[in-house]
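Asker: Okay, here's the structure, questions in a sec.
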Number of protein chains: 4
Amino acid sequence: MTPPASDGSRAPKGRAPHRRDERARLAVLHAADDLLAERGFNGVSIEGIAARARVAKQTIYRWWPSKVDILLDTLSEDAARQLAIPEAGPVVEGTRRYLHALARFVTRDPAGKVLLALIGEAQHDPEMARLFHERWLDPQRMRERALLQRGIDAGELSSELDVDAALDALCGPIVYRALTGARIPRRFVDGLIADTLGRHVL
Amino acid sequence: MTPPASDGSRAPKGRAPHRRDERARLAVLHAADDLLAERGFNGVSIEGIAARARVAKQTIYRWWPSKVDILLDTLSEDAARQLAIPEAGPVVEGTRRYLHALARFVTRDPAGKVLLALIGEAQHDPEMARLFHERWLDPQRMRERALLQRGIDAGELSSELDVDAALDALCGPIVYRALTGARIPRRFVDGLIADTLGRHVL
Amino acid sequence: MTPPASDGSRAPKGRAPHRRDERARLAVLHAADDLLAERGFNGVSIEGIAARARVAKQTIYRWWPSKVDILLDTLSEDAARQLAIPEAGPVVEGTRRYLHALARFVTRDPAGKVLLALIGEAQHDPEMARLFHERWLDPQRMRERALLQRGIDAGELSSELDVDAALDALCGPIVYRALTGARIPRRFVDGLIADTLGRHVL
Amino acid sequence: MTPPASDGSRAPKGRAPHRRDERARLAVLHAADDLLAERGFNGVSIEGIAARARVAKQTIYRWWPSKVDILLDTLSEDAARQLAIPEAGPVVEGTRRYLHALARFVTRDPAGKVLLALIGEAQHDPEMARLFHERWLDPQRMRERALLQRGIDAGELSSELDVDAALDALCGPIVYRALTGARIPRRFVDGLIADTLGRHVL
DNA sequence: ACATAAGCGAGACGGTACGTCGGGTCTTATC
DNA sequence: GATAAGACCCGACGTACCGTCTCGCTTATGT
């Protein structure tokens, strides 16, 4: 499903021999992204993507089992950049930056709409929910956990801190506001950090 | 859309004149509910509801513009009972009871699945999101606000408390966990209350 | 089905007590007629008639089993006037006048469209065909036969004449031309008479 | 609409590429034919055809605008065989054979019911009438005219004969009898020929 | 060097559900 | 007791996409 991550070595001229066509792959991802932005999740259809990307339906079905898989691919590419977890520096400050980035992503970045749409679709389709966990939620949670754990290990945070509970207490309200279309001012995020981590900062 | 709750005075024998047929209305709501529980949101179709409720499609279209309107009706009936806001007694304790009820509702009550599905669908359809706000989110938030405000007025809570921020900090994590299929132990909820309201209890 | 032909004795003021409402009856017939003229047979629906006649559907169903019955009623009223069979005078000349009237009726009279539509519908529905025979074709044929028979009896026509064959040879081409939208010049009709009756005129 | 009659050169194995599927086409035509014979024109529905032919509705709509177009196709295939115009030999005798074939077709051949149904439907729908002329009536009339004209050219028939009038005088009664469900004995047809062409035979 | 085999565009196919129209039955209130 | 009004169940309409399929074309190897 995920390609060999555009292996930088190969020159992207024209098309590979009888390997996957990178141009088609990108056209599909962009078409899906655009359609989601323009018409919402329900306005995205395989036929619509194929038409806009000037690609045969079969080409889509060959590489992606469903439209959510396509969106998961676009999310992977976009979110990786926007939602990187700080791997060094003071942990509380890093958390603050991460949460602000998250708030920005889900309220202002078009790619954030993809994330919200996928959370939405996960409510409608259990198999898709499983995939969503596997491809996004679980890996991202792993990285988030590592961040706080680094704080505990470094003595910045109390070892009493329940890492998962804290992460949900921090991310939950941000995502919830985004899902309900509410605004997320900076001090709302700062308040969450103060309430959730405050007691545990050493 | 919601009828005046079958004005108790009239005997429910047979059918109303050339007015709405209460039996058909209930059959539709139950069929929708059942289908959602059994096959998920994407498994709910107007045709499916009509077939199971032994009702003509036209009868559904006459009274509900779309399947989400049907689900909003079922939510109104079910959630009203499960998610009543305490209107008297100590506010913090009332809040605790409400949040525990909310956690139970969204994780264990079949009707809670309806709520999650509607949050999900709101990500896919802006018009539906508007309706969802109007029919559920906003009224419920009004009631939640009244609860905390009562605490402030009664001197139980500091007047510094940002009511909306607190409510999202409390409900957000609970809903988020439900949306991601996580469990919600009682102490998770208690922890949220402690972190969010603790500083403001007088 | 056919009312007692607007028994002239009763004053047509308002509506009769709990007898059939003559105003409704006429409104239905006219609405049906108008709709047929404006939108063709397929554009005539019970709902459409009811709406245009400002009449309840039930009122229509109470008095007419189907829309063709309504059209049969309008035909009876209109055709009786236009297609009267000459009951006295020279028979060949009478036949000529009758056939010219028939040609005029099916090509120019709006009520003629009703006749053509009913012939058409008879091809689609055997039960309707039976009714059409009973209510129009057979009685009219009876009258036509009487005309030629009078000629034979009076010695104007040879007794060798096969009356039914002659009538179909005369009416068939006229109706067929109307059904296929062709024009019917006077000499076409005169030619039919010459060919069909010529040999038998004594 | 009518395909180039399955160009005999290509082997009919499997299905054509992304071209029309001949098996589906035939299944539709036969299903339509059968349904018309069994249940009459009003009993023919696109859904019914699709179900009986084991074909998707969309496949029907892709190739035929309406059910009458399907019936026109079945008529073309069947009538061509049954109603061929004699292209050589004595013209009067040829006409006789043609008219007997026509009488047989419209009274006994199941495909004749299709012709009657189409004449009927033409009364209900002007656009359909136009198409019916274009696809059947006009071409067939052209061929019929050629037959009589050949007789005139060959000196078998007087040049005074009004070809179109004669054809309607011949075919009209036959079709009319079929439309009204009457029987058509051989001598009825022979009588028409005698009356209509007799005077003009040289 | 060229046959091969994979990816590709195109699009027909059997299906499911959509939202609408009209059919014919019913119930009620009004006159 | 007939009528206007209109809700009801039902069947068909014509459309949009689904996911599968077959086709003819293109092109970089791997003999």
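FYI, nothing fancy with the structure tokens labels: chains A, B, ... in order, residues from 1 per chain, ligands from 1 as they appear.
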Taking only C-alpha atoms (C1' of nucleotides) into account, produce a table as a tab-separated table in which each residue of region 45-107 of chain B with an atom at most 12 Å from an atom of region 9-26 of chain F appears once, together with its shortest atom pair and the distance in Å to one decimal, ordered by chain and rising number.

Answerer:
```
residue	atom	partner	partner_atom	distance
B:Ala50	CA	F:DC9	C1'	10.4
B:Ala51	CA	F:DC9	C1'	11.1
B:Ala53	CA	F:DC9	C1'	11.6
B:Arg54	CA	F:DC9	C1'	8.4
B:Val55	CA	F:DC9	C1'	6.7
B:Ala56	CA	F:DC9	C1'	5.4
B:Lys57	CA	F:DC9	C1'	8.9
B:Gln58	CA	F:DC9	C1'	8.9
B:Thr59	CA	F:DC9	C1'	8.7
B:Ile60	CA	F:DC9	C1'	11.6
```

Asker: Can you pull out the residues contacting region 166-168 of chain B? Cut-off 12 Å, using only C-alpha atoms (C1' of nucleotides), and skip same-chain residues under 6 positions away; I want them as JSON, numbers by chain.

Answerer: {"A": [169, 170, 171, 172, 173, 174, 175, 176, 177, 178, 179, 180, 182, 183, 184, 188, 189, 191, 192, 195], "B": [95, 96, 98, 99, 137, 140, 141, 142, 143, 144, 145, 146, 147, 148, 149, 157, 160, 174, 175, 176, 192, 193, 194, 195, 196, 197, 198, 199, 200]}

Asker: Record the distance separating CA of Asp190 (chain C) and CA of Arg104 (chain C), expressed in Å with one decimal.

Answerer: 13.7 Å

Asker: Hey, can you check how far CA of Asp33 (chain C) sits from CA of Asp78 (chain C)?

Answerer: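 That distance, rounded to one decimal, is 10.6 Å.
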
Asker: As a list in words, please: the residues near DG22 (chain E) (cut-off 9 Å, only C-alpha atoms (C1' of nucleotides), same-chain neighbours under 5 positions excluded).

Answerer: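 Near DG22 (chain E), the qualifying residues are Ser45, Ile46 and Glu47 of chain C.
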
Asker: Write a file of the just-selected residues containing N, CA and C atoms, as a PDB file, in the first residue's frame.

Answerer:
```pdb
ATOM      1  N   SER C  45     -52.466  11.276 -15.046  1.00  0.00           N
ATOM      2  CA  SER C  45     -52.409  10.402 -13.873  1.00  0.00           C
ATOM      3  C   SER C  45     -53.561  10.755 -12.963  1.00  0.00           C
ATOM      4  N   ILE C  46     -53.977   9.791 -12.188  1.00  0.00           N
ATOM      5  CA  ILE C  46     -55.072  10.045 -11.261  1.00  0.00           C
ATOM      6  C   ILE C  46     -54.711  11.221 -10.352  1.00  0.00           C
ATOM      7  N   GLU C  47     -53.478  11.218  -9.880  1.00  0.00           N
ATOM      8  CA  GLU C  47     -53.047  12.317  -9.023  1.00  0.00           C
ATOM      9  C   GLU C  47     -53.150  13.648  -9.750  1.00  0.00           C
TER      10      GLU C  47
END
```

Asker: Write out as number ranges by chain which residues come within 10 Å of region 63-73 of chain D when counting only C-alpha atoms (C1' of nucleotides), dropping same-chain ones fewer than 6 positions away.

Answerer: D: 1-3, 20, 25, 28-30, 32-33, 36, 41, 44-46, 49, 79, 111, 114-115, 117-118, 121-122, 128, 131-132, 135-136

Asker: Take the residues that were just selected and, keeping C-alpha atoms, output them as a PDB file, in the first residue's frame.

Answerer:
```pdb
ATOM      1  CA  MET D   1     -28.698   1.081 -31.105  1.00  0.00           C
ATOM      2  CA  THR D   2     -28.861  -1.861 -33.430  1.00  0.00           C
ATOM      3  CA  PRO D   3     -25.356  -3.195 -33.633  1.00  0.00           C
ATOM      4  CA  ARG D  20     -20.627  -4.018 -26.044  1.00  0.00           C
ATOM      5  CA  ARG D  25     -27.789  -7.450 -25.565  1.00  0.00           C
ATOM      6  CA  VAL D  28     -32.299  -8.054 -22.833  1.00  0.00           C
ATOM      7  CA  LEU D  29     -34.095  -8.383 -26.141  1.00  0.00           C
ATOM      8  CA  HIS D  30     -35.379 -11.823 -25.312  1.00  0.00           C
ATOM      9  CA  ALA D  32     -38.352  -7.894 -23.205  1.00  0.00           C
ATOM     10  CA  ASP D  33     -40.001 -10.052 -25.822  1.00  0.00           C
ATOM     11  CA  LEU D  36     -44.448  -8.479 -23.494  1.00  0.00           C
ATOM     12  CA  PHE D  41     -46.833  -3.773 -22.559  1.00  0.00           C
ATOM     13  CA  VAL D  44     -42.886  -4.721 -19.165  1.00  0.00           C
ATOM     14  CA  SER D  45     -40.632  -2.668 -16.921  1.00  0.00           C
ATOM     15  CA  ILE D  46     -36.952  -1.964 -17.108  1.00  0.00           C
ATOM     16  CA  ILE D  49     -36.320  -6.959 -17.975  1.00  0.00           C
ATOM     17  CA  ALA D  79     -40.171  -8.303 -38.505  1.00  0.00           C
ATOM     18  CA  ALA D 111     -43.533 -10.523 -32.389  1.00  0.00           C
ATOM     19  CA  VAL D 114     -44.758  -5.973 -30.285  1.00  0.00           C
ATOM     20  CA  LEU D 115     -45.801  -4.116 -33.395  1.00  0.00           C
ATOM     21  CA  ALA D 117     -47.958  -2.432 -28.731  1.00  0.00           C
ATOM     22  CA  LEU D 118     -45.699   0.078 -30.428  1.00  0.00           C
ATOM     23  CA  GLU D 121     -47.651   3.490 -27.385  1.00  0.00           C
ATOM     24  CA  ALA D 122     -47.188   5.900 -30.254  1.00  0.00           C
ATOM     25  CA  MET D 128     -41.934   7.881 -29.307  1.00  0.00           C
ATOM     26  CA  LEU D 131     -38.985   7.389 -33.379  1.00  0.00           C
ATOM     27  CA  PHE D 132     -41.429   4.715 -34.430  1.00  0.00           C
ATOM     28  CA  ARG D 135     -37.256   3.196 -37.174  1.00  0.00           C
ATOM     29  CA  TRP D 136     -40.170   1.210 -38.569  1.00  0.00           C
TER      30      TRP D 136
END
```

Asker: Identify all chain E residues at most 12 Å from chain C by counting only C-alpha atoms (C1' of nucleotides); ligands do not count. Present them as a JSON list (two decimals) with N, CA and C atoms (P, O5', C5', C4', C3', O3' and C1' of nucleotides), in the first residue's frame.

Answerer:
```json
[["chain", "number", "residue", "atom", "x", "y", "z"],
["E", 21, "DC", "P", -41.07, 14.25, -7.54],
["E", 21, "DC", "O5'", -41.96, 13.10, -8.21],
["E", 21, "DC", "C5'", -41.59, 12.64, -9.50],
["E", 21, "DC", "C4'", -42.52, 11.52, -9.90],
["E", 21, "DC", "C3'", -44.00, 11.80, -9.63],
["E", 21, "DC", "O3'", -44.70, 11.53, -10.83],
["E", 21, "DC", "C1'", -43.38, 9.70, -8.73],
["E", 22, "DG", "P", -46.12, 12.21, -11.07],
["E", 22, "DG", "O5'", -47.10, 10.99, -10.80],
["E", 22, "DG", "C5'", -47.13, 9.92, -11.74],
["E", 22, "DG", "C4'", -47.70, 8.70, -11.07],
["E", 22, "DG", "C3'", -49.11, 8.87, -10.53],
["E", 22, "DG", "O3'", -50.00, 8.16, -11.41],
["E", 22, "DG", "C1'", -47.68, 7.64, -9.04],
["E", 23, "DG", "P", -51.47, 7.76, -11.02],
["E", 23, "DG", "O5'", -51.27, 6.37, -10.25],
["E", 23, "DG", "C5'", -50.60, 5.30, -10.90],
["E", 23, "DG", "C4'", -50.86, 4.02, -10.15],
["E", 23, "DG", "C3'", -52.30, 3.87, -9.71],
["E", 23, "DG", "O3'", -52.79, 2.58, -10.03],
["E", 23, "DG", "C1'", -50.86, 3.80, -7.82],
["E", 24, "DG", "P", -54.35, 2.39, -10.17],
["E", 24, "DG", "O5'", -54.75, 2.06, -8.66],
["E", 24, "DG", "C5'", -54.43, 0.76, -8.17],
["E", 24, "DG", "C4'", -54.66, 0.70, -6.68],
["E", 24, "DG", "C3'", -56.09, 1.02, -6.23],
["E", 24, "DG", "O3'", -56.45, 0.04, -5.27],
["E", 24, "DG", "C1'", -54.58, 2.30, -5.02],
["E", 25, "DT", "P", -57.83, -0.01, -4.52],
["E", 25, "DT", "O5'", -57.44, 0.26, -2.99],
["E", 25, "DT", "C5'", -56.47, -0.59, -2.38],
["E", 25, "DT", "C4'", -56.29, -0.18, -0.92],
["E", 25, "DT", "C3'", -57.60, 0.00, -0.15],
["E", 25, "DT", "O3'", -57.48, -0.69, 1.09],
["E", 25, "DT", "C1'", -56.24, 1.91, 0.11],
["E", 26, "DC", "P", -58.73, -0.79, 2.09],
["E", 26, "DC", "O5'", -58.51, 0.47, 3.06],
["E", 26, "DC", "C5'", -57.78, 0.29, 4.24],
["E", 26, "DC", "C4'", -57.56, 1.64, 4.90],
["E", 26, "DC", "C3'", -58.81, 2.44, 5.24],
["E", 26, "DC", "O3'", -59.55, 1.95, 6.36],
["E", 26, "DC", "C1'", -57.12, 3.86, 4.39],
["E", 27, "DT", "P", -59.23, 2.02, 7.86],
["E", 27, "DT", "O5'", -59.05, 3.58, 8.17],
["E", 27, "DT", "C5'", -57.88, 3.99, 8.86],
["E", 27, "DT", "C4'", -57.96, 5.47, 9.11],
["E", 27, "DT", "C3'", -59.23, 5.88, 9.86],
["E", 27, "DT", "O3'", -58.85, 6.68, 10.97],
["E", 27, "DT", "C1'", -58.91, 7.24, 7.96],
["E", 31, "DC", "P", -67.17, 22.94, 7.40],
["E", 31, "DC", "O5'", -68.32, 22.55, 6.37],
["E", 31, "DC", "C5'", -67.96, 22.21, 5.03],
["E", 31, "DC", "C4'", -69.09, 21.42, 4.43],
["E", 31, "DC", "C3'", -70.48, 22.05, 4.61],
["E", 31, "DC", "O3'", -71.07, 22.17, 3.34],
["E", 31, "DC", "C1'", -70.53, 19.76, 5.11]]
```

Asker: Point out the residue among B:Arg62, B:Arg108, B:Arg81, B:His124 with the least atom-to-atom distance to Glu38 (chain A), counting only C-alpha atoms.

Answerer: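 Result for the nearest residue to Glu38 (chain A): B:His124.
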
Asker: Please measure the separation of CA of Ala84 (chain C) and CA of Arg97 (chain C), giving the value in Å to one decimal.

Answerer: 10.0 Å
